[in-house]
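Participant: This is upload_10.pdb (PDB, C-alpha atoms and all ligand atoms).
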```pdb
ATOM      1  CA  MET A   1     -18.920-127.247 -61.996  1.00  0.00           C
ATOM      2  CA  SER A   2     -18.581-131.018 -61.686  1.00  0.00           C
ATOM      3  CA  GLU A   3     -15.950-132.531 -59.418  1.00  0.00           C
ATOM      4  CA  GLU A   4     -14.334-134.078 -62.505  1.00  0.00           C
ATOM      5  CA  THR A   5     -14.033-130.688 -64.249  1.00  0.00           C
ATOM      6  CA  LYS A   6     -12.673-129.042 -61.123  1.00  0.00           C
ATOM      7  CA  GLN A   7     -10.105-131.781 -60.647  1.00  0.00           C
ATOM      8  CA  ASP A   8      -9.027-131.486 -64.269  1.00  0.00           C
ATOM      9  CA  LEU A   9      -8.611-127.710 -63.967  1.00  0.00           C
ATOM     10  CA  ALA A  10      -6.732-128.163 -60.722  1.00  0.00           C
ATOM     11  CA  ASP A  11      -4.475-130.822 -62.269  1.00  0.00           C
ATOM     12  CA  ARG A  12      -3.600-128.482 -65.118  1.00  0.00           C
ATOM     13  CA  ARG A  13      -2.703-125.822 -62.565  1.00  0.00           C
ATOM     14  CA  GLY A  14       0.004-127.739 -60.760  1.00  0.00           C
ATOM     15  CA  MET A  15      -1.772-129.329 -57.795  1.00  0.00           C
ATOM     16  CA  GLU A  16       1.393-131.204 -56.940  1.00  0.00           C
ATOM     17  CA  THR A  17       3.141-128.130 -55.604  1.00  0.00           C
ATOM     18  CA  LYS A  18       2.278-125.526 -52.998  1.00  0.00           C
ATOM     19  CA  VAL A  19       2.814-122.775 -55.552  1.00  0.00           C
ATOM     20  CA  TYR A  20       0.666-122.132 -58.612  1.00  0.00           C
ATOM     21  CA  GLN A  21       2.770-122.854 -61.667  1.00  0.00           C
ATOM     22  CA  PRO A  22       2.456-120.807 -64.885  1.00  0.00           C
ATOM     23  CA  ALA A  23      -0.527-121.990 -66.948  1.00  0.00           C
ATOM     24  CA  GLU A  24      -2.685-120.692 -69.817  1.00  0.00           C
ATOM     25  CA  ASP A  25      -4.134-117.933 -67.654  1.00  0.00           C
ATOM     26  CA  SER A  26      -0.641-116.787 -66.600  1.00  0.00           C
ATOM     27  CA  GLY A  27       0.362-116.618 -70.281  1.00  0.00           C
ATOM     28  CA  LEU A  28      -2.698-114.552 -71.116  1.00  0.00           C
ATOM     29  CA  LEU A  29      -1.989-112.122 -68.281  1.00  0.00           C
ATOM     30  CA  ALA A  30       1.639-111.811 -69.446  1.00  0.00           C
ATOM     31  CA  ALA A  31       0.417-111.017 -72.984  1.00  0.00           C
ATOM     32  CA  ALA A  32      -1.818-108.266 -71.595  1.00  0.00           C
ATOM     33  CA  VAL A  33       1.082-106.903 -69.537  1.00  0.00           C
ATOM     34  CA  GLU A  34       3.206-106.801 -72.665  1.00  0.00           C
ATOM     35  CA  ALA A  35       0.454-104.848 -74.448  1.00  0.00           C
ATOM     36  CA  ARG A  36      -0.509-102.443 -71.658  1.00  0.00           C
ATOM     37  CA  GLY A  37       2.010-102.609 -68.796  1.00  0.00           C
ATOM     38  CA  ARG A  38       4.054 -99.504 -68.053  1.00  0.00           C
ATOM     39  CA  GLY A  39       5.797 -97.553 -65.303  1.00  0.00           C
ATOM     40  CA  ARG A  40       5.686 -98.850 -61.731  1.00  0.00           C
ATOM     41  CA  PHE A  41       4.155-102.309 -61.994  1.00  0.00           C
ATOM     42  CA  LEU A  42       2.551-104.439 -59.249  1.00  0.00           C
ATOM     43  CA  GLU A  43       1.524-108.056 -59.700  1.00  0.00           C
ATOM     44  CA  VAL A  44      -0.887-109.104 -56.950  1.00  0.00           C
ATOM     45  CA  GLY A  45      -0.971-112.875 -56.284  1.00  0.00           C
ATOM     46  CA  THR A  46       2.254-113.542 -58.139  1.00  0.00           C
ATOM     47  CA  GLY A  47       2.466-117.299 -57.418  1.00  0.00           C
ATOM     48  CA  SER A  48       5.694-118.532 -59.030  1.00  0.00           C
ATOM     49  CA  GLY A  49       6.611-114.959 -60.024  1.00  0.00           C
ATOM     50  CA  TRP A  50       6.666-115.826 -63.709  1.00  0.00           C
ATOM     51  CA  VAL A  51       4.358-113.008 -64.896  1.00  0.00           C
ATOM     52  CA  ALA A  52       6.299-110.451 -62.836  1.00  0.00           C
ATOM     53  CA  GLU A  53       9.541-111.785 -64.269  1.00  0.00           C
ATOM     54  CA  GLN A  54       8.163-111.407 -67.811  1.00  0.00           C
ATOM     55  CA  ALA A  55       7.265-107.800 -67.004  1.00  0.00           C
ATOM     56  CA  ALA A  56      10.762-107.143 -65.636  1.00  0.00           C
ATOM     57  CA  ARG A  57      12.550-108.835 -68.519  1.00  0.00           C
ATOM     58  CA  GLU A  58      10.402-108.196 -71.574  1.00  0.00           C
ATOM     59  CA  VAL A  59       8.303-105.065 -71.172  1.00  0.00           C
ATOM     60  CA  ASP A  60      10.395-101.999 -71.887  1.00  0.00           C
ATOM     61  CA  ALA A  61       7.671 -99.612 -70.738  1.00  0.00           C
ATOM     62  CA  VAL A  62       7.760-101.167 -67.231  1.00  0.00           C
ATOM     63  CA  THR A  63      10.320 -99.442 -65.004  1.00  0.00           C
ATOM     64  CA  ASP A  64       9.897-101.130 -61.592  1.00  0.00           C
ATOM     65  CA  VAL A  65       8.283-104.433 -60.627  1.00  0.00           C
ATOM     66  CA  VAL A  66       6.777-105.487 -57.296  1.00  0.00           C
ATOM     67  CA  ALA A  67       5.450-109.026 -56.977  1.00  0.00           C
ATOM     68  CA  SER A  68       3.211-109.788 -53.984  1.00  0.00           C
ATOM     69  CA  ASP A  69       1.376-112.792 -52.597  1.00  0.00           C
ATOM     70  CA  LEU A  70      -0.293-113.917 -49.382  1.00  0.00           C
ATOM     71  CA  SER A  71       1.479-117.278 -49.519  1.00  0.00           C
ATOM     72  CA  PRO A  72       4.995-117.481 -48.056  1.00  0.00           C
ATOM     73  CA  HIS A  73       5.759-120.340 -50.461  1.00  0.00           C
ATOM     74  CA  ALA A  74       4.818-118.172 -53.457  1.00  0.00           C
ATOM     75  CA  CYS A  75       6.892-115.270 -52.104  1.00  0.00           C
ATOM     76  CA  ARG A  76       9.928-117.551 -51.766  1.00  0.00           C
ATOM     77  CA  ALA A  77       9.453-118.847 -55.337  1.00  0.00           C
ATOM     78  CA  ALA A  78       9.059-115.313 -56.710  1.00  0.00           C
ATOM     79  CA  ARG A  79      12.077-114.143 -54.755  1.00  0.00           C
ATOM     80  CA  ARG A  80      14.174-116.905 -56.324  1.00  0.00           C
ATOM     81  CA  ARG A  81      13.070-115.681 -59.746  1.00  0.00           C
ATOM     82  CA  ALA A  82      13.852-112.091 -58.830  1.00  0.00           C
ATOM     83  CA  LEU A  83      17.350-113.249 -57.948  1.00  0.00           C
ATOM     84  CA  GLY A  84      17.784-115.065 -61.242  1.00  0.00           C
ATOM     85  CA  ASP A  85      16.631-118.483 -59.932  1.00  0.00           C
ATOM     86  CA  ARG A  86      19.766-119.043 -57.905  1.00  0.00           C
ATOM     87  CA  GLY A  87      17.984-121.198 -55.306  1.00  0.00           C
ATOM     88  CA  GLY A  88      17.835-118.359 -52.798  1.00  0.00           C
ATOM     89  CA  ASP A  89      21.615-118.182 -52.354  1.00  0.00           C
ATOM     90  CA  ALA A  90      21.994-114.954 -54.240  1.00  0.00           C
ATOM     91  CA  ASP A  91      22.189-111.614 -52.454  1.00  0.00           C
ATOM     92  CA  GLU A  92      20.615-108.279 -53.333  1.00  0.00           C
ATOM     93  CA  SER A  93      23.467-107.303 -55.639  1.00  0.00           C
ATOM     94  CA  GLU A  94      22.607-110.277 -57.840  1.00  0.00           C
ATOM     95  CA  GLN A  95      19.274-108.774 -58.901  1.00  0.00           C
ATOM     96  CA  SER A  96      21.116-107.743 -62.036  1.00  0.00           C
ATOM     97  CA  ALA A  97      21.252-111.501 -62.737  1.00  0.00           C
ATOM     98  CA  ILE A  98      17.904-111.101 -64.536  1.00  0.00           C
ATOM     99  CA  ASP A  99      19.294-110.746 -68.002  1.00  0.00           C
ATOM    100  CA  GLY A 100      17.636-109.837 -71.278  1.00  0.00           C
ATOM    101  CA  ARG A 101      16.898-106.109 -71.461  1.00  0.00           C
ATOM    102  CA  ASP A 102      18.260-103.828 -68.773  1.00  0.00           C
ATOM    103  CA  ALA A 103      15.847-105.532 -66.373  1.00  0.00           C
ATOM    104  CA  ALA A 104      13.526-103.561 -64.152  1.00  0.00           C
ATOM    105  CA  ILE A 105      14.092-103.735 -60.403  1.00  0.00           C
ATOM    106  CA  PHE A 106      12.013-106.671 -59.086  1.00  0.00           C
ATOM    107  CA  ASP A 107      10.976-106.764 -55.410  1.00  0.00           C
ATOM    108  CA  VAL A 108       8.761-109.255 -53.590  1.00  0.00           C
ATOM    109  CA  VAL A 109       6.338-108.330 -50.786  1.00  0.00           C
ATOM    110  CA  ARG A 110       4.152-110.680 -48.734  1.00  0.00           C
ATOM    111  CA  GLY A 111       0.664-109.338 -48.053  1.00  0.00           C
ATOM    112  CA  ASN A 112      -3.080-109.398 -48.596  1.00  0.00           C
ATOM    113  CA  LEU A 113      -4.151-107.918 -51.951  1.00  0.00           C
ATOM    114  CA  VAL A 114      -3.050-104.258 -52.107  1.00  0.00           C
ATOM    115  CA  GLU A 115      -2.990-103.664 -48.332  1.00  0.00           C
ATOM    116  CA  PRO A 116       0.817-103.259 -47.967  1.00  0.00           C
ATOM    117  CA  PHE A 117       1.109-100.513 -50.565  1.00  0.00           C
ATOM    118  CA  ALA A 118       0.972 -96.721 -50.455  1.00  0.00           C
ATOM    119  CA  ASP A 119      -1.702 -94.650 -52.154  1.00  0.00           C
ATOM    120  CA  SER A 120      -1.085 -93.940 -55.877  1.00  0.00           C
ATOM    121  CA  ALA A 121       2.050 -96.143 -55.867  1.00  0.00           C
ATOM    122  CA  PHE A 122       1.574 -97.965 -59.198  1.00  0.00           C
ATOM    123  CA  ASP A 123       0.921 -97.179 -62.849  1.00  0.00           C
ATOM    124  CA  THR A 124      -0.096-100.787 -63.595  1.00  0.00           C
ATOM    125  CA  VAL A 125      -1.599-103.440 -61.295  1.00  0.00           C
ATOM    126  CA  ALA A 126      -2.070-106.972 -62.672  1.00  0.00           C
ATOM    127  CA  PHE A 127      -3.980-109.810 -60.986  1.00  0.00           C
ATOM    128  CA  ASN A 128      -4.790-113.379 -61.971  1.00  0.00           C
ATOM    129  CA  PRO A 129      -7.005-114.120 -58.981  1.00  0.00           C
ATOM    130  CA  PRO A 130      -8.004-117.423 -57.432  1.00  0.00           C
ATOM    131  CA  TYR A 131     -11.348-117.795 -59.190  1.00  0.00           C
ATOM    132  CA  LEU A 132     -12.679-121.357 -59.204  1.00  0.00           C
ATOM    133  CA  PRO A 133     -16.140-121.436 -57.623  1.00  0.00           C
ATOM    134  CA  THR A 134     -15.770-123.875 -54.724  1.00  0.00           C
ATOM    135  CA  ASP A 135     -18.384-125.619 -52.621  1.00  0.00           C
ATOM    136  CA  PRO A 136     -17.528-124.714 -48.980  1.00  0.00           C
ATOM    137  CA  GLU A 137     -17.824-128.416 -48.108  1.00  0.00           C
ATOM    138  CA  ASN A 138     -15.135-129.266 -50.652  1.00  0.00           C
ATOM    139  CA  GLU A 139     -12.575-126.624 -49.627  1.00  0.00           C
ATOM    140  CA  TRP A 140      -9.134-128.162 -49.139  1.00  0.00           C
ATOM    141  CA  GLY A 141      -7.750-125.630 -46.645  1.00  0.00           C
ATOM    142  CA  ASP A 142      -4.178-125.432 -47.941  1.00  0.00           C
ATOM    143  CA  TRP A 143      -2.046-122.959 -49.903  1.00  0.00           C
ATOM    144  CA  MET A 144      -3.004-124.485 -53.257  1.00  0.00           C
ATOM    145  CA  GLU A 145      -6.654-123.933 -52.405  1.00  0.00           C
ATOM    146  CA  GLN A 146      -5.786-120.289 -51.650  1.00  0.00           C
ATOM    147  CA  ALA A 147      -4.333-120.135 -55.159  1.00  0.00           C
ATOM    148  CA  LEU A 148      -7.339-121.695 -56.873  1.00  0.00           C
ATOM    149  CA  SER A 149     -10.524-121.112 -54.930  1.00  0.00           C
ATOM    150  CA  GLY A 150     -12.616-118.014 -55.366  1.00  0.00           C
ATOM    151  CA  GLY A 151     -15.059-119.244 -52.720  1.00  0.00           C
ATOM    152  CA  GLU A 152     -18.662-120.118 -53.453  1.00  0.00           C
ATOM    153  CA  SER A 153     -19.177-117.315 -56.010  1.00  0.00           C
ATOM    154  CA  GLY A 154     -15.682-117.496 -57.508  1.00  0.00           C
ATOM    155  CA  ARG A 155     -15.409-113.766 -56.731  1.00  0.00           C
ATOM    156  CA  GLU A 156     -14.419-113.758 -53.070  1.00  0.00           C
ATOM    157  CA  LEU A 157     -10.996-112.321 -53.895  1.00  0.00           C
ATOM    158  CA  VAL A 158     -12.021-110.408 -57.032  1.00  0.00           C
ATOM    159  CA  ASP A 159     -14.585-108.232 -55.207  1.00  0.00           C
ATOM    160  CA  PRO A 160     -12.297-106.937 -52.419  1.00  0.00           C
ATOM    161  CA  PHE A 161      -9.544-106.453 -55.006  1.00  0.00           C
ATOM    162  CA  LEU A 162     -11.826-104.262 -57.135  1.00  0.00           C
ATOM    163  CA  ASP A 163     -13.000-102.377 -54.044  1.00  0.00           C
ATOM    164  CA  THR A 164      -9.454-101.467 -52.976  1.00  0.00           C
ATOM    165  CA  VAL A 165      -7.158-101.393 -56.023  1.00  0.00           C
ATOM    166  CA  GLY A 166      -8.130 -97.830 -57.033  1.00  0.00           C
ATOM    167  CA  ARG A 167      -6.349 -96.511 -53.917  1.00  0.00           C
ATOM    168  CA  VAL A 168      -2.894 -97.709 -55.061  1.00  0.00           C
ATOM    169  CA  LEU A 169      -3.342 -96.667 -58.686  1.00  0.00           C
ATOM    170  CA  ALA A 170      -1.548 -93.509 -59.845  1.00  0.00           C
ATOM    171  CA  PRO A 171      -3.592 -91.047 -61.904  1.00  0.00           C
ATOM    172  CA  GLY A 172      -4.027 -92.478 -65.403  1.00  0.00           C
ATOM    173  CA  GLY A 173      -3.048 -95.965 -64.183  1.00  0.00           C
ATOM    174  CA  VAL A 174      -4.447 -99.251 -65.416  1.00  0.00           C
ATOM    175  CA  VAL A 175      -5.550-102.496 -63.770  1.00  0.00           C
ATOM    176  CA  LEU A 176      -5.135-105.713 -65.785  1.00  0.00           C
ATOM    177  CA  LEU A 177      -7.502-108.315 -64.354  1.00  0.00           C
ATOM    178  CA  LEU A 178      -7.908-111.876 -65.579  1.00  0.00           C
ATOM    179  CA  VAL A 179     -11.572-112.890 -65.677  1.00  0.00           C
ATOM    180  CA  SER A 180     -12.856-116.428 -66.273  1.00  0.00           C
ATOM    181  CA  SER A 181     -16.296-117.333 -67.554  1.00  0.00           C
ATOM    182  CA  LEU A 182     -16.455-119.647 -64.495  1.00  0.00           C
ATOM    183  CA  THR A 183     -16.369-116.578 -62.259  1.00  0.00           C
ATOM    184  CA  GLY A 184     -19.169-114.757 -64.064  1.00  0.00           C
ATOM    185  CA  TYR A 185     -17.808-112.164 -66.467  1.00  0.00           C
ATOM    186  CA  ASP A 186     -20.796-109.822 -66.194  1.00  0.00           C
ATOM    187  CA  ALA A 187     -20.773-109.846 -62.401  1.00  0.00           C
ATOM    188  CA  VAL A 188     -17.077-108.869 -62.388  1.00  0.00           C
ATOM    189  CA  ILE A 189     -17.626-106.059 -64.894  1.00  0.00           C
ATOM    190  CA  ASP A 190     -20.657-104.775 -62.934  1.00  0.00           C
ATOM    191  CA  ARG A 191     -18.535-104.629 -59.771  1.00  0.00           C
ATOM    192  CA  ALA A 192     -15.703-102.884 -61.622  1.00  0.00           C
ATOM    193  CA  GLU A 193     -18.110-100.269 -62.976  1.00  0.00           C
ATOM    194  CA  ALA A 194     -19.597 -99.743 -59.516  1.00  0.00           C
ATOM    195  CA  CYS A 195     -16.026 -99.068 -58.314  1.00  0.00           C
ATOM    196  CA  GLY A 196     -15.641 -96.348 -60.969  1.00  0.00           C
ATOM    197  CA  PHE A 197     -13.724 -98.264 -63.636  1.00  0.00           C
ATOM    198  CA  ALA A 198     -14.251 -98.310 -67.383  1.00  0.00           C
ATOM    199  CA  HIS A 199     -13.250-101.590 -69.024  1.00  0.00           C
ATOM    200  CA  GLU A 200     -11.820-102.844 -72.274  1.00  0.00           C
ATOM    201  CA  VAL A 201     -10.838-106.414 -73.242  1.00  0.00           C
ATOM    202  CA  VAL A 202      -7.101-106.670 -73.982  1.00  0.00           C
ATOM    203  CA  VAL A 203      -6.800-110.402 -74.773  1.00  0.00           C
ATOM    204  CA  GLU A 204      -9.168-113.373 -74.638  1.00  0.00           C
ATOM    205  CA  GLU A 205      -9.004-117.103 -75.269  1.00  0.00           C
ATOM    206  CA  SER A 206     -11.480-119.985 -75.145  1.00  0.00           C
ATOM    207  CA  TYR A 207     -10.664-123.394 -73.658  1.00  0.00           C
ATOM    208  CA  PRO A 208     -12.817-126.522 -73.316  1.00  0.00           C
ATOM    209  CA  PHE A 209     -13.955-125.653 -69.775  1.00  0.00           C
ATOM    210  CA  GLU A 210     -13.841-121.877 -69.723  1.00  0.00           C
ATOM    211  CA  SER A 211     -13.190-118.627 -71.569  1.00  0.00           C
ATOM    212  CA  LEU A 212     -10.513-116.350 -70.197  1.00  0.00           C
ATOM    213  CA  SER A 213     -10.227-112.594 -70.757  1.00  0.00           C
ATOM    214  CA  VAL A 214      -7.872-109.973 -69.443  1.00  0.00           C
ATOM    215  CA  VAL A 215      -9.658-106.677 -69.027  1.00  0.00           C
ATOM    216  CA  ALA A 216      -7.953-103.306 -68.713  1.00  0.00           C
ATOM    217  CA  LEU A 217      -9.694-101.188 -66.079  1.00  0.00           C
ATOM    218  CA  THR A 218      -9.171 -97.451 -66.017  1.00  0.00           C
ATOM    219  CA  GLN A 219     -10.648 -94.973 -63.594  1.00  0.00           C
ATOM    220  CA  THR A 220     -13.440 -92.932 -65.088  1.00  0.00           C
ATOM    221  CA  PRO A 221     -13.167 -89.201 -64.306  1.00  0.00           C
ATOM    222  CA  PRO A 222     -15.977 -87.927 -62.047  1.00  0.00           C
ATOM    223  CA  ASP A 223     -19.008 -86.634 -63.896  1.00  0.00           C
ATOM    224  CA  PRO A 224     -18.794 -82.788 -63.673  1.00  0.00           C
ATOM    225  CA  GLY A 225     -22.567 -82.722 -63.131  1.00  0.00           C
ATOM    226  CA  GLU A 226     -22.079 -84.685 -59.879  1.00  0.00           C
ATOM    227  CA  ARG A 227     -19.782 -82.074 -58.283  1.00  0.00           C
TER     228      ARG A 227
HETATM  229  C1  LIG B   1      -4.366-118.238 -59.823  1.00  0.00           C
HETATM  230  S1  LIG B   1      -2.889-117.980 -58.894  1.00  0.00           S
HETATM  231  C2  LIG B   1      -1.996-116.911 -60.011  1.00  0.00           C
HETATM  232  C3  LIG B   1      -0.489-117.034 -59.913  1.00  0.00           C
HETATM  233  C4  LIG B   1       0.299-116.211 -60.940  1.00  0.00           C
HETATM  234  N1  LIG B   1      -0.043-114.820 -60.885  1.00  0.00           N
HETATM  235  C5  LIG B   1       0.081-116.731 -62.336  1.00  0.00           C
HETATM  236  O1  LIG B   1      -0.674-116.084 -63.095  1.00  0.00           O
HETATM  237  O2  LIG B   1       0.658-117.759 -62.685  1.00  0.00           O
HETATM  238  C6  LIG B   1      -3.477-116.853 -57.629  1.00  0.00           C
HETATM  239  C7  LIG B   1      -2.428-116.389 -56.621  1.00  0.00           C
HETATM  240  O3  LIG B   1      -3.058-115.479 -55.694  1.00  0.00           O
HETATM  241  C8  LIG B   1      -2.527-115.695 -54.403  1.00  0.00           C
HETATM  242  N2  LIG B   1      -3.470-115.175 -53.398  1.00  0.00           N
HETATM  243  C9  LIG B   1      -4.575-115.788 -52.885  1.00  0.00           C
HETATM  244  N3  LIG B   1      -5.177-114.984 -52.001  1.00  0.00           N
HETATM  245  C10 LIG B   1      -4.448-113.832 -51.952  1.00  0.00           C
HETATM  246  C11 LIG B   1      -4.563-112.614 -51.215  1.00  0.00           C
HETATM  247  N4  LIG B   1      -5.577-112.404 -50.365  1.00  0.00           N
HETATM  248  N5  LIG B   1      -3.624-111.659 -51.406  1.00  0.00           N
HETATM  249  C12 LIG B   1      -2.586-111.854 -52.263  1.00  0.00           C
HETATM  250  N6  LIG B   1      -2.425-112.990 -52.989  1.00  0.00           N
HETATM  251  C13 LIG B   1      -3.343-113.962 -52.836  1.00  0.00           C
HETATM  252  C14 LIG B   1      -2.324-117.195 -54.342  1.00  0.00           C
HETATM  253  O4  LIG B   1      -1.398-117.551 -53.317  1.00  0.00           O
HETATM  254  C15 LIG B   1      -1.821-117.481 -55.763  1.00  0.00           C
HETATM  255  O5  LIG B   1      -0.420-117.433 -55.817  1.00  0.00           O
END
```
Would you mind writing the structure in this file as structure tokens?
Facilitator:
Amino acid sequence: MSEETKQDLADRRGMETKVYQPAEDSGLLAAAVEARGRGRFLEVGTGSGWVAEQAAREVDAVTDVVASDLSPHACRAARRRALGDRGGDADESEQSAIDGRDAAIFDVVRGNLVEPFADSAFDTVAFNPPYLPTDPENEWGDWMEQALSGGESGRELVDPFLDTVGRVLAPGGVVLLLVSSLTGYDAVIDRAEACGFAHEVVVEESYPFESLSVVALTQTPPDPGER
């Protein structure tokens, strides 16, 4: 990808803040959550918390929401949303401030990918990963880079996510993963299959620089012949 293209993509994704602001990819993930989200819901890499908030407000089938991120700035932003965007002054009792439907409980946890969570804890796990392939010599080394850069391959966060997410998924659960053509769609699907997931495209959209898809990943039952 040219420097110009990368800069343009970065500009559209809110480079001026420390926290990734909702963009086209966030909207696509939210649409997939509306279609397939249910039960106990985890959003990994929540950024501003907007997708998690949509799940809590708009998706009746979602009962509980946990939003997580490695960045303390993102966790603070998501926490403000969970409290009804009261600038952090609200206390726990004000979680009911999220209006709309009888909103799901919305908690925020700081951590790396799915590490903080118990086995089989979630029915749905959604992730819009940092995915821009980045030349190591051009890495910026700040929180916005953490939000955007998928390392040299674009898959440096996607691969460990796929390797570990199955542990926190309840039986019959679903992973909703945003995949960009910039990251290499086939490489992501190959990794998902190697981790025992079947895939299905839930939503997709093409933009001038990339195509975005959200795939639903479900665990394939073990082949009886392999027992
Ligand atoms: C592309 S942004 C997506 C933000 C938000 N989910 C959205 O769709 O608008 C990726 C997010 O992943 C977070 N992130 C990066 N590395 C992470 C890690 N190892 N564990 C958890 N979150 C991480 C970044 O801080 C950033 O907020």
Participant: Fewer than 6 positions away in the same chain doesn't count, so skip those; otherwise give me all residues within 9 Å of stretch 185-199 of chain A, counting all atoms listed in the file, as a compact mmCIF listing (two decimals) with C-alpha atoms, in the frame of the given file.
Facilitator:
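Now in result.txt:
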```txt
# COMPACT_ATOMS: atom_id res chain seq x y z
CA ARG A 155 -15.41 -113.77 -56.73
CA VAL A 158 -12.02 -110.41 -57.03
CA ASP A 159 -14.58 -108.23 -55.21
CA LEU A 162 -11.83 -104.26 -57.14
CA ASP A 163 -13.00 -102.38 -54.04
CA THR A 164 -9.45 -101.47 -52.98
CA GLY A 166 -8.13 -97.83 -57.03
CA VAL A 179 -11.57 -112.89 -65.68
CA SER A 213 -10.23 -112.59 -70.76
CA VAL A 215 -9.66 -106.68 -69.03
CA ALA A 216 -7.95 -103.31 -68.71
CA LEU A 217 -9.69 -101.19 -66.08
CA THR A 218 -9.17 -97.45 -66.02
CA GLN A 219 -10.65 -94.97 -63.59
CA THR A 220 -13.44 -92.93 -65.09
CA PRO A 221 -13.17 -89.20 -64.31
CA PRO A 222 -15.98 -87.93 -62.05
```
Participant: Kindly provide, as a PyMOL selection string, all nucleotide and amino acid residues lying within 7 Å of ligand LIG 1 (chain B), counting all atoms listed in the file.
Facilitator: chain A and resi 19-23+25-26+29+44-51+68-71+74+111-113+127-130+143+146-148+157
Participant: Please provide as a list in words all residues within 9 Å of A:Thr124, with the sequence filter that same-chain residues fewer than 4 positions apart are discarded (counting only C-alpha atoms).
Facilitator: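 With the cut-off at 9 Å, the set is Val33, Arg36, Gly37, Arg38, Gly39, Arg40, Phe41, Leu42, Glu43, Val62, Leu169, Ala170, Gly173, Val174, Val175 and Leu176 of chain A.
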Participant: Rounded to one decimal, what separation in Å do you get between atom CA of A:His73 and atom CA of A:Ala32?
Facilitator: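 So the answer is 25.5 Å.
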Participant: May I have the residues within 6 Å of A:Gly150 as an MDAnalysis selection string, using all atoms listed in the file and disregarding those fewer than 3 positions away in the same chain?
Facilitator: chainID A and resid 130:133 154:156
Participant: Selection in question (the file shown): the PyMOL selection byres (((chain A and resi 204) around 9) and not hetatm). Which residues does it include, as a list in words?
Facilitator: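 When the PyMOL selection byres (((chain A and resi 204) around 9) and not hetatm) is applied, the selected residues are Leu28, Val201, Val202, Val203, Glu205, Ser206, Ser211, Leu212, Ser213, Val214 and Val215 of chain A.
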Participant: What does the distance between atom CA of A:Gly84 and atom CA of A:Phe117 come to in Å, to one decimal place?
Facilitator: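 Spanning atom CA of A:Gly84 to atom CA of A:Phe117 is a straight-line distance of 24.6 Å.
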Participant: For A:Ile105, work out the shell of residues within 8 Å, counting all atoms listed in the file and skipping chain neighbours fewer than 5 positions away, then give it as JSON, numbers by chain.
Facilitator: {"A": [56, 63, 64, 65, 95]}
Participant: Compare A:Leu83, A:Leu182, A:Ala126, A:Met144 by their minimum atom-to-atom distance to A:Phe161, counting only C-alpha atoms, and give me the closest one.
Facilitator: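 Residue with the minimum atom-to-atom distance to A:Phe161: A:Ala126.
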Participant: Build an axis-aligned box that encloses every atom of stretch 143-150 of chain A listed in the file, pad it by 4 Å on each side, and report its centre and edge lengths in Å to one decimal, as JSON.
Facilitator:
```
{"center_x": -7.3, "center_y": -121.2, "center_z": -53.4, "size_x": 18.6, "size_y": 14.5, "size_z": 15.0}
```
Participant: Figure out the distance between atom CA of A:Glu200 and atom CA of A:Val125, please, to one decimal in Å.
Facilitator: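 Atom-to-atom, atom CA of A:Val125 and atom CA of A:Glu200 are spaced 15.0 Å apart.
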Participant: Determine the nearest neighbour of A:Asp119 from the options A:Pro136, A:Arg79, A:Ser149, A:Val168, counting only C-alpha atoms.
Facilitator: A:Val168
